[in-house]
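Here's target-v4.txt, which has compact mmCIF, C-alpha atoms:
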# COMPACT_ATOMS: atom_id res chain seq x y z
CA MET N 12 -10.45 18.30 -18.16
CA GLN N 13 -13.22 15.87 -19.06
CA THR N 14 -10.63 13.25 -20.00
CA LEU N 15 -9.08 13.65 -16.57
CA GLN N 16 -12.45 13.29 -14.84
CA GLN N 17 -13.25 9.97 -16.49
CA PRO N 18 -11.78 6.82 -14.94
CA TRP N 19 -8.18 6.38 -16.09
CA PRO N 20 -7.23 3.23 -18.03
CA TRP N 21 -4.99 0.60 -16.42
CA TYR N 22 -1.95 1.31 -18.61
CA VAL N 23 -1.90 5.03 -17.72
CA ALA N 24 -2.11 4.18 -14.02
CA GLY N 25 0.46 1.39 -14.34
CA ILE N 26 3.00 3.63 -16.08
CA LEU N 27 2.56 6.48 -13.56
CA ILE N 28 2.81 4.16 -10.55
CA GLY N 29 5.86 2.46 -12.03
CA LEU N 30 7.55 5.85 -12.54
CA THR N 31 7.16 6.60 -8.81
CA VAL N 32 10.02 4.14 -8.14
CA PRO N 33 12.71 6.01 -10.17
CA ALA N 34 11.23 9.40 -9.20
CA LEU N 35 11.80 8.71 -5.49
CA LEU N 36 15.20 7.10 -6.10
CA LEU N 37 16.49 9.96 -8.23
CA LEU N 38 14.99 12.78 -6.18
CA GLY N 39 16.42 11.68 -2.88
CA ASN N 40 17.59 8.03 -2.77
CA LYS N 41 14.27 6.86 -1.30
CA GLN N 42 12.96 3.31 -1.61
CA PHE N 43 9.31 3.38 -2.61
CA GLY N 44 7.22 1.64 0.03
CA ILE N 45 4.19 2.60 2.05
CA SER N 46 3.51 0.13 4.85
CA SER N 47 6.68 1.32 6.59
CA THR N 48 4.82 4.55 7.41
CA LEU N 49 2.67 2.52 9.83
CA ARG N 50 5.84 1.63 11.71
CA HIS N 51 7.11 5.23 11.70
CA MET N 52 3.81 6.39 13.18
CA CYS N 53 4.10 3.78 15.93
CA ALA N 54 7.67 4.86 16.62
CA ALA N 55 6.69 8.55 16.64
CA ILE N 56 3.53 8.33 18.75
CA LEU N 57 3.91 5.36 21.07
CA THR N 58 7.04 5.22 23.15
CA SER N 59 8.27 1.69 23.42
CA LYS N 60 11.52 0.02 24.35
CA LYS N 61 10.91 -2.66 21.72
CA PRO N 62 13.76 -2.61 19.18
CA TYR N 63 11.28 -2.53 16.29
CA PHE N 64 10.25 1.00 17.32
CA ASN N 65 13.62 2.23 18.55
CA TYR N 66 15.26 3.85 15.58
CA ASN N 67 15.63 7.30 14.11
CA TRP N 68 12.14 7.62 12.57
CA LYS N 69 12.77 11.30 11.86
CA LYS N 70 15.15 10.26 9.08
CA GLU N 71 12.19 8.55 7.42
CA ILE N 72 9.84 11.51 7.78
CA TRP N 73 9.85 11.94 4.01
CA SER N 74 7.46 8.97 3.78
CA LEU N 75 4.96 10.67 6.11
CA PHE N 76 5.08 13.71 3.78
CA PHE N 77 4.51 11.30 0.90
CA VAL N 78 1.41 9.63 2.40
CA GLY N 79 0.10 13.05 3.48
CA GLY N 80 0.22 13.89 -0.22
CA ILE N 81 -1.75 10.72 -1.02
CA VAL N 82 -4.59 11.92 1.26
CA VAL N 83 -4.59 15.28 -0.56
CA GLY N 84 -4.55 13.49 -3.92
CA GLY N 85 -7.58 11.47 -2.85
CA LEU N 86 -9.37 14.68 -1.95
CA ILE N 87 -8.52 16.38 -5.28
CA SER N 88 -9.66 13.41 -7.34
CA THR N 89 -13.07 13.25 -5.71
CA THR N 90 -13.65 17.02 -5.84
CA ILE N 91 -12.01 18.87 -8.76
CA LEU N 92 -11.49 15.69 -10.80
CA ALA N 93 -14.63 13.89 -9.62
CA ASP N 94 -16.37 11.52 -12.03
CA PRO N 95 -20.13 12.02 -11.77
CA ASN N 96 -20.95 8.52 -13.01
CA PRO N 97 -21.24 5.40 -10.85
CA ILE N 98 -18.24 3.08 -11.17
CA HIS N 99 -18.22 0.39 -13.82
CA ILE N 100 -17.24 -3.00 -12.52
CA ALA N 101 -17.41 -6.36 -14.23
CA PRO N 102 -21.10 -7.39 -14.49
CA GLN N 103 -20.23 -10.83 -13.11
CA THR N 104 -18.60 -9.31 -10.00
CA GLN N 105 -21.62 -7.08 -9.45
CA ALA N 106 -23.98 -10.05 -9.83
CA ASP N 107 -21.91 -12.25 -7.47
CA LEU N 108 -21.70 -9.53 -4.82
CA ALA N 109 -25.40 -8.69 -5.17
CA ALA N 110 -26.17 -12.37 -4.56
CA LEU N 111 -24.18 -12.06 -1.32
CA GLY N 112 -26.26 -9.08 -0.22
CA VAL N 113 -24.18 -6.07 -1.37
CA GLN N 114 -26.76 -3.51 -2.52
CA ASN N 115 -24.94 -0.25 -3.09
CA PHE N 116 -22.72 0.01 -6.20
CA ASP N 117 -22.72 3.83 -6.54
CA ASN N 118 -19.36 4.56 -5.00
CA LEU N 119 -15.78 3.28 -4.91
CA MET N 120 -16.60 1.50 -1.66
CA PRO N 121 -19.83 -0.33 -0.74
CA ASN N 122 -21.68 2.04 1.57
CA ASP N 123 -23.53 -0.90 3.11
CA ILE N 124 -20.26 -2.08 4.70
CA PHE N 125 -17.92 0.89 5.07
CA SER N 126 -19.79 3.48 7.11
CA PHE N 127 -19.70 4.70 10.69
CA ASN N 128 -23.20 3.27 11.21
CA ASN N 129 -21.85 -0.22 10.59
CA LEU N 130 -18.74 0.16 12.72
CA PHE N 131 -20.36 -1.38 15.79
CA THR N 132 -22.07 -4.24 13.96
CA LEU N 133 -20.26 -7.57 13.71
CA LYS N 134 -19.96 -7.22 9.92
CA GLY N 135 -18.60 -3.69 10.06
CA PHE N 136 -16.16 -4.64 12.80
CA VAL N 137 -14.79 -7.57 10.78
CA PHE N 138 -14.34 -5.60 7.54
CA ILE N 139 -13.19 -2.27 8.98
CA VAL N 140 -11.35 -3.09 12.22
CA PHE N 141 -10.19 -6.70 11.85
CA GLY N 142 -9.35 -6.16 8.16
CA GLY N 143 -7.23 -3.13 9.03
CA PHE N 144 -5.44 -5.07 11.75
CA LEU N 145 -4.51 -7.82 9.25
CA VAL N 146 -3.22 -5.21 6.79
CA GLY N 147 -0.93 -3.64 9.41
CA PHE N 148 0.22 -6.86 11.07
CA GLY N 149 0.61 -8.81 7.82
CA THR N 150 2.52 -6.20 5.82
CA ARG N 151 4.98 -5.52 8.61
CA TYR N 152 5.51 -9.22 9.33
CA ALA N 153 6.11 -9.78 5.60
CA GLY N 154 8.47 -6.78 5.44
CA GLY N 155 6.48 -4.87 2.84
CA CYS N 156 3.20 -4.42 1.02
CA THR N 157 2.10 -4.15 -2.58
CA SER N 158 4.36 -1.14 -3.10
CA GLY N 159 7.49 -2.27 -1.21
CA HIS N 160 7.39 -5.92 -2.29
CA SER N 161 5.24 -6.22 -5.42
CA ILE N 162 6.47 -3.08 -7.18
CA THR N 163 9.84 -2.02 -5.72
CA GLY N 164 11.01 -5.54 -4.83
CA LEU N 165 9.87 -7.23 -8.04
CA SER N 166 11.35 -4.45 -10.19
CA ASN N 167 14.70 -5.12 -8.51
CA PHE N 168 14.30 -8.92 -9.00
CA GLN N 169 14.10 -9.79 -5.31
CA LEU N 170 13.01 -13.42 -4.86
CA PRO N 171 11.47 -12.77 -1.38
CA SER N 172 9.26 -10.14 -3.01
CA LEU N 173 8.00 -12.65 -5.58
CA ILE N 174 7.19 -15.11 -2.77
CA ALA N 175 5.49 -12.32 -0.80
CA THR N 176 3.40 -11.30 -3.82
CA ILE N 177 2.28 -14.90 -4.40
CA CYS N 178 1.28 -15.10 -0.72
CA PHE N 179 -0.62 -11.77 -0.90
CA MET N 180 -2.63 -13.15 -3.82
CA ALA N 181 -3.13 -16.56 -2.19
CA GLY N 182 -4.43 -14.93 1.01
CA GLY N 183 -6.78 -12.75 -1.03
CA PHE N 184 -8.12 -15.69 -3.04
CA LEU N 185 -8.69 -17.76 0.12
CA MET N 186 -10.49 -14.91 1.84
CA THR N 187 -12.58 -13.99 -1.21
CA TRP N 188 -13.66 -17.48 -2.21
CA LEU N 189 -13.90 -19.31 1.12
CA VAL N 190 -14.53 -16.80 3.91
CA LEU N 191 -16.08 -13.71 2.33
CA PRO N 192 -19.37 -15.42 1.37
CA LEU N 193 -19.89 -16.19 5.09
CA LEU N 194 -18.83 -12.72 6.26
CA LEU N 195 -20.96 -10.80 3.75
CA THR N 196 -24.10 -12.54 5.01
CA LEU N 197 -23.37 -11.71 8.68
CA MET E 94 26.51 -1.51 -1.92
CA LYS E 95 25.59 -0.05 1.42
CA ASN E 96 24.79 -2.45 4.21
CA TYR E 97 21.38 -1.59 5.55
CA THR E 98 22.18 -3.01 8.95
CA ASP E 99 23.94 0.25 9.80
CA THR E 100 20.75 2.20 9.50
CA PHE E 101 18.78 0.10 11.96
CA ASP E 102 19.40 -2.02 15.00
CA ALA E 103 20.85 -5.31 13.72
CA ARG E 104 17.93 -7.24 15.25
CA VAL E 105 15.41 -5.38 13.13
CA ALA E 106 17.51 -5.22 10.00
CA THR E 107 14.83 -7.16 8.17
CA GLU E 108 13.30 -3.77 7.43
CA THR E 109 14.14 -2.38 4.01
CA GLU E 110 10.89 -0.86 2.90
CA GLY E 111 10.53 2.87 2.54
CA VAL E 112 14.16 3.37 3.50
CA ASN E 113 15.81 6.74 3.13
CA ALA E 114 19.33 6.03 1.92
CA ALA E 115 20.25 9.68 1.30
CA ALA E 116 23.31 10.96 3.13
CA GLN E 117 22.07 14.54 3.11
CA ALA E 118 19.24 15.53 5.45
CA GLU E 119 16.32 17.44 3.98
CA GLY E 120 14.37 20.11 5.81
CA PHE E 121 10.64 20.77 5.82
CA VAL E 122 10.69 22.45 2.41
CA GLY E 123 12.86 19.67 0.95
CA ASN E 124 10.40 17.07 2.20
CA LEU E 125 7.48 18.87 0.59
CA LYS E 126 8.55 17.53 -2.80
CA TYR E 127 7.57 14.07 -1.55
CA SER E 128 4.14 15.44 -0.70
CA VAL E 129 3.84 16.66 -4.29
CA ILE E 130 4.72 13.19 -5.65
CA GLY E 131 2.34 11.66 -3.11
CA THR E 132 -0.46 13.95 -4.28
CA PHE E 133 -0.02 12.85 -7.92
CA PHE E 134 0.19 9.27 -6.75
CA GLY E 135 -3.05 9.61 -4.74
CA ILE E 136 -4.82 11.07 -7.78
CA VAL E 137 -3.71 8.09 -9.90
CA PHE E 138 -4.92 5.69 -7.20
CA VAL E 139 -8.40 7.17 -7.13
CA LYS E 140 -8.81 7.95 -10.84
CA ALA E 141 -7.79 4.43 -11.85
CA GLU E 142 -10.11 3.10 -9.09
CA ILE E 143 -7.32 1.09 -7.48
CA ILE E 144 -8.67 2.16 -4.11
CA SER E 145 -12.06 0.65 -4.91
CA TRP E 146 -13.15 -2.33 -2.83
CA PHE E 147 -15.07 -3.48 -5.93
CA ARG E 148 -11.95 -3.44 -8.13
CA ILE E 149 -10.11 -5.60 -5.58
CA GLN E 150 -13.05 -8.02 -5.61
CA GLU E 151 -12.88 -8.16 -9.43
CA MET E 152 -9.19 -9.01 -9.14
CA PHE E 153 -9.58 -11.79 -6.56
CA ARG E 154 -12.60 -13.20 -8.41
CA LEU E 155 -10.55 -13.19 -11.67
CA GLN E 156 -13.38 -11.32 -13.39
CA ALA E 157 -11.49 -8.34 -14.78
CA PHE E 158 -8.02 -7.59 -16.10
CA HIS E 159 -7.90 -4.02 -14.70
CA MET E 160 -5.86 -4.55 -11.49
CA TYR E 161 -3.56 -7.11 -13.11
CA GLY E 162 -2.92 -4.58 -15.90
CA VAL E 163 -2.13 -1.80 -13.42
CA ILE E 164 0.25 -3.83 -11.24
CA GLY E 165 1.86 -5.62 -14.22
CA THR E 166 2.53 -2.36 -16.09
CA ALA E 167 3.86 -0.72 -12.93
CA VAL E 168 6.33 -3.57 -12.34
CA VAL E 169 7.56 -3.51 -15.95
CA VAL E 170 8.00 0.30 -15.98
CA ALA E 171 9.73 0.22 -12.57
CA ALA E 172 12.01 -2.66 -13.65
CA ILE E 173 13.07 -0.85 -16.84
CA SER E 174 13.73 2.31 -14.78
CA VAL E 175 15.80 0.40 -12.22
CA TRP E 176 17.78 -1.27 -15.02
CA LEU E 177 18.45 2.14 -16.65
CA ILE E 178 19.58 3.64 -13.33
CA LYS E 179 22.00 0.73 -12.78
CA ARG E 180 23.17 0.54 -16.41
CA PHE E 181 23.97 4.25 -16.72
CA LYS E 182 24.90 4.65 -13.03
CA LEU E 183 22.50 7.58 -12.72
CA LYS E 184 23.03 9.79 -9.68
CA THR E 185 20.40 11.32 -7.42
CA ALA E 186 19.55 15.03 -7.63
CA ASP E 187 22.16 15.58 -4.86
CA GLY E 188 24.80 13.66 -6.80
CA GLU E 189 24.67 10.53 -4.62
CA GLU E 190 24.92 6.95 -5.82
CA VAL E 191 21.46 5.35 -5.96
CA GLN E 192 21.03 2.60 -3.34
CA PHE E 193 18.91 -0.50 -3.82
CA ALA E 194 17.71 -2.51 -0.85
CA GLU E 195 17.90 -6.30 -0.71
CA LYS E 196 14.70 -7.90 0.56
CA PRO E 197 15.53 -10.52 3.20
CA MET E 198 13.77 -13.90 3.14
CA HIS E 199 12.23 -15.26 6.33
CA LYS E 200 9.09 -17.15 7.39
CA GLY E 201 7.26 -13.88 7.94
CA VAL E 202 7.29 -13.19 4.19
CA ILE E 203 4.96 -16.18 3.80
CA ILE E 204 2.87 -15.99 7.00
CA GLY E 205 2.61 -12.20 6.99
CA GLY E 206 2.00 -12.23 3.24
CA LEU E 207 -0.96 -14.59 3.60
CA LEU E 208 -2.40 -12.54 6.49
CA PHE E 209 -2.05 -9.29 4.54
CA GLY E 210 -3.74 -10.95 1.52
CA CYS E 211 -6.74 -11.74 3.74
CA GLY E 212 -6.81 -8.15 4.99
CA TRP E 213 -6.51 -6.83 1.43
CA ALA E 214 -9.62 -8.78 0.37
CA LEU E 215 -11.55 -7.59 3.45
CA THR E 216 -10.70 -3.89 3.39
CA GLY E 217 -10.20 -3.60 -0.37
CA ALA E 218 -7.00 -1.73 0.35
CA CYS E 219 -3.29 -2.07 0.77
CA PRO E 220 -1.65 0.58 2.96
CA GLY E 221 -1.31 3.17 0.13
CA PRO E 222 -4.98 3.09 -0.87
CA LEU E 223 -6.00 3.38 2.82
CA TYR E 224 -4.62 6.93 2.82
CA ALA E 225 -6.27 7.69 -0.53
CA GLN E 226 -9.65 6.32 0.64
CA ILE E 227 -9.58 8.69 3.61
CA GLY E 228 -8.92 11.66 1.32
CA ALA E 229 -11.53 10.44 -1.17
CA GLY E 230 -14.34 10.92 1.31
CA PHE E 231 -14.53 7.66 3.27
CA PRO E 232 -13.72 8.94 6.77
CA VAL E 233 -14.55 5.57 8.37
CA VAL E 234 -11.29 4.29 6.84
CA ILE E 235 -9.48 6.36 9.51
CA VAL E 236 -10.58 3.54 11.83
CA THR E 237 -9.10 0.97 9.42
CA LEU E 238 -5.83 2.93 9.35
CA LEU E 239 -5.71 3.17 13.17
CA SER E 240 -6.35 -0.56 13.29
CA ALA E 241 -3.50 -1.14 10.83
CA ILE E 242 -1.24 0.96 13.06
CA ALA E 243 -2.37 -1.20 16.01
CA GLY E 244 -1.56 -4.32 13.97
CA THR E 245 1.92 -2.93 13.31
CA TRP E 246 2.38 -2.24 17.01
CA VAL E 247 1.32 -5.77 17.94
CA TYR E 248 3.79 -7.14 15.38
CA GLY E 249 6.59 -4.98 16.80
CA TYR E 250 5.70 -5.98 20.37
CA PHE E 251 5.76 -9.72 19.67
CA GLN E 252 8.42 -9.64 16.94
CA ASP E 253 10.98 -11.64 18.94
CA LYS E 254 8.39 -14.36 19.71
CA LEU E 255 7.15 -14.79 16.14
CA PRO E 256 8.79 -17.25 13.73
CA HIS E 257 11.16 -15.53 11.31
Could you express the structure from this file as structure tokens?
Amino acid sequence: MQTLQQPWPWYVAGILIGLTVPALLLLGNKQFGISSTLRHMCAAILTSKKPYFNYNWKKEIWSLFFVGGIVVGGLISTTILADPNPIHIAPQTQADLAALGVQNFDNLMPNDIFSFNNLFTLKGFVFIVFGGFLVGFGTRYAGGCTSGHSITGLSNFQLPSLIATICFMAGGFLMTWLVLPLLLTL
Amino acid sequence: MKNYTDTFDARVATETEGVNAAAQAEGFVGNLKYSVIGTFFGIVFVKAEIISWFRIQEMFRLQAFHMYGVIGTAVVVAAISVWLIKRFKLKTADGEEVQFAEKPMHKGVIIGGLLFGCGWALTGACPGPLYAQIGAGFPVVIVTLLSAIAGTWVYGYFQDKLPH
């Protein structure tokens, strides 16, 4: 039990995440991919005549069951399997972020950015609301996210997925190195 | 190989992610097995700290191997699995032929990819970890998720006007 409570090493996580692809394929012919659930929720909740939302989303309801499970998994891992220690990140990352004003390193997320108290500040709005918008808009425009492109697509040797993955990383580098220093000091 | 354009309107056939290619429909109980896999998956996400904003910062600052190790191992394991399924023509639990989706190339792969990368660095999350963060006790991420759904809606609304 104690082993399970400690942070898991990268190779254990990598193997288990990789096995999700064949597990979903062999259980029910499902392509592993998560950002599509955002589309299914749009199609289910908001009625629209736009062709992007006019399809049989009920056929894809399995993926909503899947992400519902992810929420439950998150809950289990921070309750029954909770690690009492603060997270260990690279000392250089901690020093760099501290220099940009991040103070709280106790949790998986920096409490000084991601809290309801910050939601209506400019900084909170940019990280929480604008960031979320880019995740939804960008993944759907690109036709997939880290799971659909970088794991499923790459494992099936899809060239568009390799290009997408390079662009995901490029966008992240640009944001982290050029824009984030300005945003963190808002 | 099955042509995915029959599943969706031909104009939105660019969509291949998360596709259900099974011929047989599954009921509520049948779908629960995906919740079970999702639960394990969510536990892995949190316990390996993939959902951590700090881990994503380490990755984009090239200061730790952790995230590269996770994604690299996952791709290798998935690729070997896909190869085995194709090589031995493994069938699904219902005896169907396993379908693989082709990812179409268009300008959105690049533009959308760059925009998502920016969002990934801001929120510290791709769509999967968003769900896990909510379960892991960061309720404010519900707002991030709603915003991501709004982003998806805006994409769908303006899809025909965007370069593809």
I'd like the neighbourhood of Phe138 in chain E as a short mmCIF file (atom, residue, chain, number, x, y, z; two decimals) with C-alpha atoms, in the frame of the given file, where a residue qualifies if any of its atoms comes within 8 Å (using only C-alpha atoms), though same-chain residues fewer than 4 positions away should be ignored.
data_model
loop_
_atom_site.label_atom_id
_atom_site.label_comp_id
_atom_site.auth_asym_id
_atom_site.auth_seq_id
_atom_site.Cartn_x
_atom_site.Cartn_y
_atom_site.Cartn_z
CA ALA N 24 -2.11 4.18 -14.02
CA GLY N 85 -7.58 11.47 -2.85
CA PHE E 134 0.19 9.27 -6.75
CA GLU E 142 -10.11 3.10 -9.09
CA ILE E 143 -7.32 1.09 -7.48
CA ILE E 144 -8.67 2.16 -4.11
CA PRO E 222 -4.98 3.09 -0.87
CA ALA E 225 -6.27 7.69 -0.53
#
Item to check | Exercise: Asp123 in chain N partners within 8 Å, only C-alpha atoms, chain neighbours under 4 positions left out, as a list in words | outcome: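 Listing them by chain and then by number gives Val113, Gln114, Asn115 and Asn129 of chain N.
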Item to check | Counting only C-alpha atoms, the residue of N:Ile45, N:Ala101, N:Val32, N:Leu92 that sits nearest Phe158 in chain E | outcome: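 Result for the nearest residue to Phe158 in chain E: N:Ala101.
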Checklist entry - Rounded to one decimal in Å, what is the spacing between CA of Leu195 in chain N and CA of Ala157 in chain E? => result 21.0 Å
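From CA of Gly143 in chain N back to CA of Thr48 in chain N, the distance works out to 14.4 Å.
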Next on the checklist: List the spatial neighbours of Ile178 in chain E as a ChimeraX atom specification - criterion: any atom at most 12 Å away, all atoms listed in the file, same-chain residues fewer than 4 positions off excluded.
Outcome noted: /N:32-34,36-37,40,166-167 /E:171-174,182-185,190-193
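Using all atoms listed in the file, the smallest distance between any of E:Leu223, E:Ala115, E:Leu155, E:Leu255 and chain N comes from E:Ala115.
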Checklist entry - For chain E, which residue among N:Leu75, N:Ala106, N:Val82, N:Ala55 is the nearest when counting all atoms listed in the file? => result N:Val82
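Of the residues listed (E:Tyr161, E:Phe121, E:Trp213, E:Phe153), E:Trp213 shows the shortest atom-to-atom separation from Phe138 in chain N; distances use all atoms listed in the file.
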Checklist entry - Hey, can you check how far CA of Ile28 in chain N sits from CA of Ala218 in chain E? => result 15.8 Å
Next on the checklist: Given all atoms listed in the file as the basis, pick out the residue of E:Phe251, E:Glu189, E:Gly131, E:Phe181 nearest to chain N.
Outcome noted: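 Distance minimum relative to chain N lands on E:Gly131.
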Checklist outcome for this item: Counting only C-alpha atoms, the residue among N:Ala54, N:Ile98, N:Leu38, N:Leu173 that lies closest to chain E is N:Leu38
(-22.8, -6.3, 1.3) in this file's frame - what residues fall within 10 Å of it? Use only C-alpha atoms and give the answer as an mmCIF file with C-alpha atoms, in the coordinates of the input.
data_model
loop_
_atom_site.group_PDB
_atom_site.id
_atom_site.type_symbol
_atom_site.label_atom_id
_atom_site.label_comp_id
_atom_site.auth_asym_id
_atom_site.auth_seq_id
_atom_site.Cartn_x
_atom_site.Cartn_y
_atom_site.Cartn_z
ATOM 1 C CA LEU N 108 -21.700 -9.530 -4.820
ATOM 2 C CA ALA N 109 -25.400 -8.690 -5.170
ATOM 3 C CA ALA N 110 -26.170 -12.370 -4.560
ATOM 4 C CA LEU N 111 -24.180 -12.060 -1.320
ATOM 5 C CA GLY N 112 -26.260 -9.080 -0.220
ATOM 6 C CA VAL N 113 -24.180 -6.070 -1.370
ATOM 7 C CA GLN N 114 -26.760 -3.510 -2.520
ATOM 8 C CA ASN N 115 -24.940 -0.250 -3.090
ATOM 9 C CA PHE N 116 -22.720 0.010 -6.200
ATOM 10 C CA PRO N 121 -19.830 -0.330 -0.740
ATOM 11 C CA ASN N 122 -21.680 2.040 1.570
ATOM 12 C CA ASP N 123 -23.530 -0.900 3.110
ATOM 13 C CA ILE N 124 -20.260 -2.080 4.700
ATOM 14 C CA PHE N 125 -17.920 0.890 5.070
ATOM 15 C CA LYS N 134 -19.960 -7.220 9.920
ATOM 16 C CA PRO N 192 -19.370 -15.420 1.370
ATOM 17 C CA LEU N 194 -18.830 -12.720 6.260
ATOM 18 C CA LEU N 195 -20.960 -10.800 3.750
ATOM 19 C CA THR N 196 -24.100 -12.540 5.010
ATOM 20 C CA LEU N 197 -23.370 -11.710 8.680
#
Next on the checklist: I'd like the contact shell of Ala243 in chain E - 12 Å cut-off, only C-alpha atoms, skipping same-chain residues fewer than 2 positions apart - returned as a PyMOL selection string.
Outcome noted: (chain N and resi 49-50+52-54+56-57+140-149+151) or (chain E and resi 236-241+245-250)
Item to check | Test item: residues at most 7 Å from Phe76 in chain N, all atoms listed in the file, excluding those fewer than 4 positions along its chain, as a list in words | outcome: Ile72 and Gly80 of chain N; Asn124, Leu125, Tyr127 and Ser128 of chain E
